[in-house]
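Participant: Supplied in structure tokens, the structure appears directly below.
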Amino acid sequence: MLHNLIDMNLSKRQLEIIEASLAIIDQGGIQSLTIKNISKKVGISEPAIYRHFNSKTDILLAILDFFIVNNNQIIQQDLMENQDIEVVITKLFDNFTQIFLEYPSLISVIFSEEIFRNDPVFREKSNRILNGSFEMITELVKKGKASKQIQKDLDAASLATLIMGSLRLCIKRWQMSDYGFNLPEHSQRLRDTILKIILK
């Protein structure tokens with residue numbers, strides 16, 4: 001994660017604050033993320049935190065930016081470089097799974113629309129993630145239909161919803177089970193089932 005965050009031009013201290021925030025969320029949930037807890041975790045004063053981020057929301061937005069940069073860039077690159085739709089969808093599932101395996105606390109941030117629905121800035125950022133991913137996956141499906149790899153009578157937007165919704169549910173179930181099952185195995189089975197449905 002650190003190298004992706006460095007690409008976002010964050011300072012070393014900002015990286016430390018974000019890493020500490022993810023650790024706090026991982027241990028106590030997103031409700032436990034407070035400036036006081038972050039300052040204790042990083043080992044600096046609360047006013048020092050505000051020299052690097054204006055608010056807790058800004059820290060969460062930086063985490064969301066990481067997710068946008070990391071996930072969307074990979075999908076876009078695969079779309080441009082690979083003509084095999086099965087390979088691109090496989091990479092999509094594998095990358096999504098790997099991100100949450102490495103940083104399970106991201107689930108609480110990415111899937112926290114209800115908690116922050118009254119925060120317009122956070123809501124707008126969440127919408128960008130959702131809509132951006134949806135548009136890219138829809139484009140992927142359209143590309144597969146045009147190249148006759150995906151059944152032509154299947155609706156692209158509906159398939160994008162199926163892919164995103166099923167993967168999201170798989171990730172959320174893993175979290176709610178206290179990470180009690182093998183996520184890569186379940187994700188792979190889900191991916192293979194979807195591919196069997198949509199590929200010609």
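Just so we're on the same page: first chain in the structure tokens is A, next is B, and so on; residues restart at 1 for each chain, and ligands are numbered from 1 in the order they show up.
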Going by DSSP on the backbone, which bits of chain A are alpha helix (DSSP H)? Write them as JSON, numbers by chain, please.

Facilitator: {"A": [2, 3, 4, 5, 6, 7, 12, 13, 14, 15, 16, 17, 18, 19, 20, 21, 22, 23, 24, 25, 26, 27, 28, 35, 36, 37, 38, 39, 40, 41, 42, 46, 47, 48, 49, 50, 56, 57, 58, 59, 60, 61, 62, 63, 64, 65, 66, 67, 68, 69, 70, 71, 72, 73, 74, 75, 76, 77, 78, 79, 80, 81, 85, 86, 87, 88, 89, 90, 91, 92, 93, 94, 95, 96, 97, 98, 99, 100, 101, 102, 106, 107, 108, 109, 110, 120, 121, 122, 123, 124, 125, 126, 127, 128, 129, 130, 131, 132, 133, 134, 135, 136, 137, 138, 139, 140, 141, 142, 143, 144, 145, 146, 156, 157, 158, 159, 160, 161, 162, 163, 164, 165, 166, 167, 168, 169, 170, 171, 172, 173, 174, 175, 176, 183, 184, 185, 186, 187, 188, 189, 190, 191, 192, 193, 194, 195, 196, 197, 198]}

Participant: Tell me which protein, DNA and RNA residues are within 10 Å of A:Ala156, counting only C-alpha atoms, leaving out same-chain ones fewer than 2 positions away, and put them as a PyMOL selection string.

Facilitator: chain A and resi 135+137-145+150+152-154+158-162

Participant: Distance table requested - stretch 98-199 of chain A against stretch 23-45 of chain A, cut-off 10 Å, only C-alpha atoms: one row per qualifying residue with the closest atom pair and its distance in Å to one decimal, ordered by chain and rising residue number, as JSON lines.

Facilitator:
```
{"residue": "A:Tyr103", "atom": "CA", "partner": "A:Asp26", "partner_atom": "CA", "distance": 8.3}
{"residue": "A:Pro104", "atom": "CA", "partner": "A:Asp26", "partner_atom": "CA", "distance": 6.9}
{"residue": "A:Ser105", "atom": "CA", "partner": "A:Asp26", "partner_atom": "CA", "distance": 4.5}
{"residue": "A:Leu106", "atom": "CA", "partner": "A:Asp26", "partner_atom": "CA", "distance": 8.2}
{"residue": "A:Ile107", "atom": "CA", "partner": "A:Asp26", "partner_atom": "CA", "distance": 9.3}
{"residue": "A:Ser108", "atom": "CA", "partner": "A:Ile30", "partner_atom": "CA", "distance": 6.2}
{"residue": "A:Val109", "atom": "CA", "partner": "A:Ile30", "partner_atom": "CA", "distance": 7.1}
{"residue": "A:Ser112", "atom": "CA", "partner": "A:Ile30", "partner_atom": "CA", "distance": 8.5}
{"residue": "A:Ile115", "atom": "CA", "partner": "A:Gln31", "partner_atom": "CA", "distance": 9.2}
```

Participant: One decimal, in Å: what's the spacing between atom CA of A:Leu60 and atom CA of A:Phe134?

Facilitator: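 The value is 21.5 Å.
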
Participant: Between A:Ala146, A:Ile17, A:Leu183, A:Ile198, which residue has the minimum interatomic distance to A:Leu101, considering only C-alpha atoms?

Facilitator: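 Among A:Ala146, A:Ile17, A:Leu183, A:Ile198, it is A:Leu183 that comes nearest to A:Leu101.
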